[in-house]
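All remarks here apply to the structure that follows.
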2 protein chains.
Amino acid sequence: VTASQPAGQHTVRRHNRGLVLRTVAADEPVSRARVAARTGLTRGTVSSLVEELLGAGLLAELAAARGATGRPANPLQLNRSGPAGLGVEIGVDTVGACVVDLTGAVRAQWVVASDHRTWPARAGLEAAAELAAEVVGQAGLPIAGVGLAVPGVVAGGVLERAPNLPLWRDVDVHARVAAVLAPVVGDVPVTVGNEADLAALGEHRTHAAGDDFIYVSGGVGVGAGIVLGGRLFHGSGGRAGELGHVVVDPTGPRCTCGGRGCLERAAGMEVLCRAAGVADLDALAAATERGERAADAALRAGGHALGVALAGAVNLLDVPVVVLGGGYPRLGPVLRDAVADELARRVVWRSPVSVRVSAHTASAALVGAATSVVCALMDDVAPDQAAAGC
Amino acid sequence: VTASQPAGQHTVRRHNRGLVLRTVAADEPVSRARVAARTGLTRGTVSSLVEELLGAGLLAELAAARGATGRPANPLQLNRSGPAGLGVEIGVDTVGACVVDLTGAVRAQWVVASDHRTWPARAGLEAAAELAAEVVGQAGLPIAGVGLAVPGVVAGGVLERAPNLPLWRDVDVHARVAAVLAPVVGDVPVTVGNEADLAALGEHRTHAAGDDFIYVSGGVGVGAGIVLGGRLFHGSGGRAGELGHVVVDPTGPRCTCGGRGCLERAAGMEVLCRAAGVADLDALAAATERGERAADAALRAGGHALGVALAGAVNLLDVPVVVLGGGYPRLGPVLRDAVADELARRVVWRSPVSVRVSAHTASAALVGAATSVVCALMDDVAPDQAAAGC
């Protein structure tokens, strides 16, 4: 319901159907009577909406509770065999696919190495389609939509800017993915999102960080997904969250974006590895665990830069929680503590900002991409509005 | 309508009543038939909602158009004698009051010097009440609510943080203003907002900057009001927009907030004046107009710092327009051009960010505060949700 359209019976019915679905999800298995009590809707309305939801395969009935008097009312739950979301992720150096069911459970998942910095887009898309066919076959669920995660700025389905994927620049990933996946899943809606946004959505499903947080995805680039009021925040153009290009040192090193002193040049994984004198994230994680001095210093410096950028973001957005994700969770407490120090020093208001480390590892964006499809189903909105999140 | 409440007839009616009101506002004077055509509501529904709106004093009927056949349908418009908003602003060194009618027109306004850095809060409140009585008497309209603008972070009606108003810190401005104004306006809802937020709301009413922009209020402090989709963006805690404490130089000078190198220390008015070797904004504006070299250098440096902070904000929020307000419009093109340079260099996506200078001068926040009350009336929401904006 937006303010420029009249509300009518159809809108109300759809709103209430989504409400019934989410009420069942929050409390399953649950009786129709309890759903009516929780929602404030009449039993008649609930029964009629439940029939629609059973018909759409979104709800399932369990066997009636024993000893019930009168007409048995079978308890309701989300349909584990119902429509599911297919997530696909094109990473900088991986490709993955997974299927998430209506309850948010991952039913099949597969991630393989695939260096998209050097492979052409077509090869990456074929690898993605192959993995997708694999997980869809494994899960055996009807696929209601596809969510695609990419490491860059997406506008109108086109990967407009992906500094770490030069061969993918200006590729219409929406059309290309829809085309390669059509033989696998048929003609279902495809949505494309930034990997940090979708990872934030995956993080939100765990409920660990609440409904308002900034999720930071630490990789070759540094991105952020912003969740406000339990929804992904898109900004006016859908490209919000480019934390990696917030300036932390106006006279600092040149960035792939054309600017200078961006956060990415101070806290991106390759920069951290170089500063620590190691080859990659695995080596950096190991060096940190051994307490090596160079790794320690690199993470401390990177963490302070990250904290400066995040303090600015918190001062602008007023969010109470920061979640460190992507590769950062593997790097131990040094980076996190430096972030927390800067936030404590620089955030304007008194209430402290909580810094958490994501429990998800590499596949947060992939699971988030599949989850975005399920969220749209649970909201009872058109699946191509999936990226609006849940 | 939020997703956790059932929608019913009452919600629908309220939604549609607001829709009718805003449709009249957009197209006045206008017939009931045209309102029905524009909204898609039935004529019967429109007539019944119009009766309610006439009864509430929000709409007025004009005399019937001459030559009409059949039953005359008097054209509708917003009621110029209807409920109005009272705005009050406690500035760092001014106090003001104004009345805005339902059309958004300023019907009475008064601003006087009043240095709240040295006056106790009680004296400032008495001055505000006196001015309010003056403008309310002048306007002669029923006051539906009060919007109060203050230069600081407001939480739950309390001025939690106002670095430039140390004597007002932790003052429950909501309760104090409601108390001093009760003899003037009676027991109407009072809302308290940050001055930059309310100035952004005032800016939005002019439609010059569109529905998505960051408004920067340049004063002793630097604040921002963020408008997204035509609504004030509050963040999760209602304190969003503290642009002045975004870091532009991590090793820079100490800030009143306890941090270092905040934007405010590089682009606040007192800093600009000191750098230019002048006493105040008037002198700085004059020196700039004369093309003095020190003023030029100060504004260039300040503008670059402001541009760095704004580029970060744009990368995080994805907004297409930046509006320079508060005292900045008086400082000519040097500062604006430096801001535009940094944005062009540092914003990640290709679509250019437009930099505008507010046509409002000192009273933007004051008018915005009064406007927030009118916005709530036009949205047909409870007046104490006024700060949600329009």
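Each chain in the structure tokens gets a letter, A, B and so on, in the order shown; residues start at 1 in every chain, and ligands are counted from 1 in the order they appear.
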
**Request:** Determine, counting only C-alpha atoms, which protein, DNA and RNA residues have an atom within 7 Å of an atom of region 17-32 of chain A; residues of the same chain fewer than 3 positions away are not included. Present the result as a list in words.
**Result:** Arg13, Arg14, Val35, Ala36, Val46, Ser47, Leu49, Ala73, Asn74, Pro75, Leu76, Gln77, Leu78, Met378, Asp379 and Asp380 of chain A; Ala3 and Ser4 of chain B

Select from chain A every residue with an atom at most 6 Å from any atom of chain B, then for each give the shortest pair of atoms and their distance in Å to one decimal, using only C-alpha atoms, rows by chain and rising number, as CSV.
residue,atom,partner,partner_atom,distance
A:Pro6,CA,B:Asn16,CA,5.9
A:Ala7,CA,B:Val12,CA,5.7
A:Val12,CA,B:Ala7,CA,5.7
A:Asn16,CA,B:Pro6,CA,5.9
A:Gly235,CA,B:Leu317,CA,4.9
A:Ser236,CA,B:Val319,CA,5.5
A:Gly237,CA,B:Asp318,CA,5.7
A:Arg239,CA,B:Asp318,CA,5.7
A:Ala240,CA,B:Leu317,CA,4.7
A:Gly241,CA,B:Leu316,CA,4.3
A:Glu242,CA,B:Asn315,CA,5.0
A:Leu243,CA,B:Leu316,CA,6.0
A:Val246,CA,B:Gly312,CA,4.3
A:Gly259,CA,B:Arg346,CA,4.8
A:Gly312,CA,B:Val246,CA,4.2
A:Asn315,CA,B:Glu242,CA,5.0
A:Leu316,CA,B:Gly241,CA,4.3
A:Leu317,CA,B:Ala240,CA,4.7
A:Asp318,CA,B:Ala240,CA,4.8
A:Val319,CA,B:Ser236,CA,5.5
A:Arg345,CA,B:Gly259,CA,5.7
A:Arg346,CA,B:Gly259,CA,4.8

I need the chosen residues saved as a PDB file, in the first residue's frame, with N, CA, C and O atoms.
ATOM      1  N   PRO A   6      -5.319   4.100  -4.252  1.00  0.00           N
ATOM      2  CA  PRO A   6      -6.399   3.846  -3.299  1.00  0.00           C
ATOM      3  C   PRO A   6      -6.273   2.434  -2.732  1.00  0.00           C
ATOM      4  O   PRO A   6      -5.830   1.516  -3.419  1.00  0.00           O
ATOM      5  N   ALA A   7      -6.616   2.288  -1.484  1.00  0.00           N
ATOM      6  CA  ALA A   7      -6.651   0.962  -0.882  1.00  0.00           C
ATOM      7  C   ALA A   7      -8.045   0.406  -1.082  1.00  0.00           C
ATOM      8  O   ALA A   7      -9.027   1.113  -0.966  1.00  0.00           O
ATOM      9  N   VAL A  12      -6.436  -5.086   0.797  1.00  0.00           N
ATOM     10  CA  VAL A  12      -6.648  -5.522   2.171  1.00  0.00           C
ATOM     11  C   VAL A  12      -6.510  -7.043   2.267  1.00  0.00           C
ATOM     12  O   VAL A  12      -5.835  -7.566   3.150  1.00  0.00           O
ATOM     13  N   ASN A  16      -3.738  -9.066   4.390  1.00  0.00           N
ATOM     14  CA  ASN A  16      -4.116  -9.983   5.459  1.00  0.00           C
ATOM     15  C   ASN A  16      -3.648 -11.413   5.193  1.00  0.00           C
ATOM     16  O   ASN A  16      -3.305 -12.151   6.116  1.00  0.00           O
ATOM     17  N   GLY A 235      18.376   2.963  -0.512  1.00  0.00           N
ATOM     18  CA  GLY A 235      18.613   4.326  -0.976  1.00  0.00           C
ATOM     19  C   GLY A 235      17.672   4.647  -2.114  1.00  0.00           C
ATOM     20  O   GLY A 235      16.805   3.843  -2.459  1.00  0.00           O
ATOM     21  N   SER A 236      17.832   5.816  -2.700  1.00  0.00           N
ATOM     22  CA  SER A 236      16.844   6.197  -3.709  1.00  0.00           C
ATOM     23  C   SER A 236      17.080   5.477  -5.030  1.00  0.00           C
ATOM     24  O   SER A 236      16.158   5.228  -5.784  1.00  0.00           O
ATOM     25  N   GLY A 237      18.332   5.095  -5.336  1.00  0.00           N
ATOM     26  CA  GLY A 237      18.605   4.472  -6.628  1.00  0.00           C
ATOM     27  C   GLY A 237      18.875   2.985  -6.542  1.00  0.00           C
ATOM     28  O   GLY A 237      19.222   2.361  -7.535  1.00  0.00           O
ATOM     29  N   ARG A 239      21.314   1.511  -4.954  1.00  0.00           N
ATOM     30  CA  ARG A 239      22.734   1.163  -4.932  1.00  0.00           C
ATOM     31  C   ARG A 239      23.395   1.513  -3.606  1.00  0.00           C
ATOM     32  O   ARG A 239      24.625   1.588  -3.515  1.00  0.00           O
ATOM     33  N   ALA A 240      22.596   1.722  -2.577  1.00  0.00           N
ATOM     34  CA  ALA A 240      23.138   2.153  -1.285  1.00  0.00           C
ATOM     35  C   ALA A 240      24.134   1.140  -0.727  1.00  0.00           C
ATOM     36  O   ALA A 240      24.136  -0.025  -1.115  1.00  0.00           O
ATOM     37  N   GLY A 241      24.986   1.591   0.185  1.00  0.00           N
ATOM     38  CA  GLY A 241      25.855   0.674   0.917  1.00  0.00           C
ATOM     39  C   GLY A 241      27.266   0.546   0.390  1.00  0.00           C
ATOM     40  O   GLY A 241      27.973  -0.383   0.755  1.00  0.00           O
ATOM     41  N   GLU A 242      27.703   1.490  -0.452  1.00  0.00           N
ATOM     42  CA  GLU A 242      29.071   1.384  -0.989  1.00  0.00           C
ATOM     43  C   GLU A 242      30.086   1.902   0.044  1.00  0.00           C
ATOM     44  O   GLU A 242      30.834   2.861  -0.182  1.00  0.00           O
ATOM     45  N   LEU A 243      30.131   1.204   1.163  1.00  0.00           N
ATOM     46  CA  LEU A 243      31.020   1.588   2.262  1.00  0.00           C
ATOM     47  C   LEU A 243      32.490   1.596   1.840  1.00  0.00           C
ATOM     48  O   LEU A 243      33.279   2.395   2.333  1.00  0.00           O
ATOM     49  N   VAL A 246      33.764   4.962   0.930  1.00  0.00           N
ATOM     50  CA  VAL A 246      33.772   6.063   1.891  1.00  0.00           C
ATOM     51  C   VAL A 246      35.244   6.395   2.140  1.00  0.00           C
ATOM     52  O   VAL A 246      36.081   5.488   2.263  1.00  0.00           O
ATOM     53  N   GLY A 259      38.823   7.449  -7.083  1.00  0.00           N
ATOM     54  CA  GLY A 259      39.047   8.347  -5.943  1.00  0.00           C
ATOM     55  C   GLY A 259      40.386   8.071  -5.266  1.00  0.00           C
ATOM     56  O   GLY A 259      41.259   7.398  -5.819  1.00  0.00           O
ATOM     57  N   GLY A 312      31.275   7.046  10.643  1.00  0.00           N
ATOM     58  CA  GLY A 312      30.574   7.982   9.759  1.00  0.00           C
ATOM     59  C   GLY A 312      29.236   7.418   9.320  1.00  0.00           C
ATOM     60  O   GLY A 312      28.216   8.114   9.345  1.00  0.00           O
ATOM     61  N   ASN A 315      26.827   7.557  12.231  1.00  0.00           N
ATOM     62  CA  ASN A 315      26.382   8.929  12.461  1.00  0.00           C
ATOM     63  C   ASN A 315      25.360   9.383  11.417  1.00  0.00           C
ATOM     64  O   ASN A 315      24.471  10.180  11.705  1.00  0.00           O
ATOM     65  N   LEU A 316      25.482   8.864  10.209  1.00  0.00           N
ATOM     66  CA  LEU A 316      24.522   9.220   9.160  1.00  0.00           C
ATOM     67  C   LEU A 316      23.232   8.419   9.250  1.00  0.00           C
ATOM     68  O   LEU A 316      22.160   8.935   8.966  1.00  0.00           O
ATOM     69  N   LEU A 317      23.335   7.131   9.612  1.00  0.00           N
ATOM     70  CA  LEU A 317      22.194   6.221   9.495  1.00  0.00           C
ATOM     71  C   LEU A 317      21.526   5.910  10.831  1.00  0.00           C
ATOM     72  O   LEU A 317      20.424   5.398  10.860  1.00  0.00           O
ATOM     73  N   ASP A 318      22.229   6.193  11.926  1.00  0.00           N
ATOM     74  CA  ASP A 318      21.724   5.859  13.250  1.00  0.00           C
ATOM     75  C   ASP A 318      21.295   4.400  13.364  1.00  0.00           C
ATOM     76  O   ASP A 318      20.106   4.106  13.523  1.00  0.00           O
ATOM     77  N   VAL A 319      22.248   3.503  13.264  1.00  0.00           N
ATOM     78  CA  VAL A 319      21.975   2.078  13.486  1.00  0.00           C
ATOM     79  C   VAL A 319      22.754   1.616  14.715  1.00  0.00           C
ATOM     80  O   VAL A 319      23.872   2.070  14.941  1.00  0.00           O
ATOM     81  N   ARG A 345      34.677   6.040  20.160  1.00  0.00           N
ATOM     82  CA  ARG A 345      35.244   7.377  20.183  1.00  0.00           C
ATOM     83  C   ARG A 345      34.464   8.348  19.307  1.00  0.00           C
ATOM     84  O   ARG A 345      34.358   9.527  19.623  1.00  0.00           O
ATOM     85  N   ARG A 346      33.931   7.863  18.176  1.00  0.00           N
ATOM     86  CA  ARG A 346      33.479   8.791  17.141  1.00  0.00           C
ATOM     87  C   ARG A 346      31.975   8.880  16.943  1.00  0.00           C
ATOM     88  O   ARG A 346      31.504   9.775  16.242  1.00  0.00           O
TER      89      ARG A 346
END

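If you measure from each of A:Ala286, A:Leu86, A:Cys273, A:Val50 to Pro189 (chain A) using only C-alpha atoms, the closest one turns out to be A:Leu86.
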
Would you pick out the contacts of Val99 (chain A) at 6 Å or less, using only C-alpha atoms, so that residues sharing its chain but fewer than 2 positions from it are not included, and give the list as a compact mmCIF listing (two decimals) with N, CA and C atoms, in the first residue's frame?
# COMPACT_ATOMS: atom_id res chain seq x y z
N GLY A 85 13.30 -20.98 -3.05
CA GLY A 85 14.12 -19.99 -3.74
C GLY A 85 15.44 -20.59 -4.18
N LEU A 86 15.85 -20.25 -5.40
CA LEU A 86 17.18 -20.66 -5.88
C LEU A 86 18.10 -19.44 -5.77
N VAL A 106 18.34 -24.23 4.34
CA VAL A 106 19.10 -24.53 3.13
C VAL A 106 18.91 -26.01 2.81
N ARG A 107 18.37 -26.33 1.63
CA ARG A 107 18.07 -27.72 1.27
C ARG A 107 19.14 -28.32 0.38
N ALA A 108 19.91 -27.49 -0.29
CA ALA A 108 21.01 -27.98 -1.12
C ALA A 108 21.92 -26.79 -1.41

**Message:** Run DSSP on the backbone and tell me which residues of region 11-191 of chain A come out as strand (DSSP E or B); list them as an MDAnalysis selection string.
**Reply:** chainID A and resid 30 59:61 76:78 84:90 94:100 106:113 143:150 153:155 158:161 190:191

**Message:** Need to verify the contact set: Gly332 (chain A), 10 Å, only C-alpha atoms, exclusion of same-chain residues closer than 4 positions in sequence. Can you return it as a PyMOL selection string?
**Reply:** chain A and resi 285+288-289+296+299+328+336-337+357
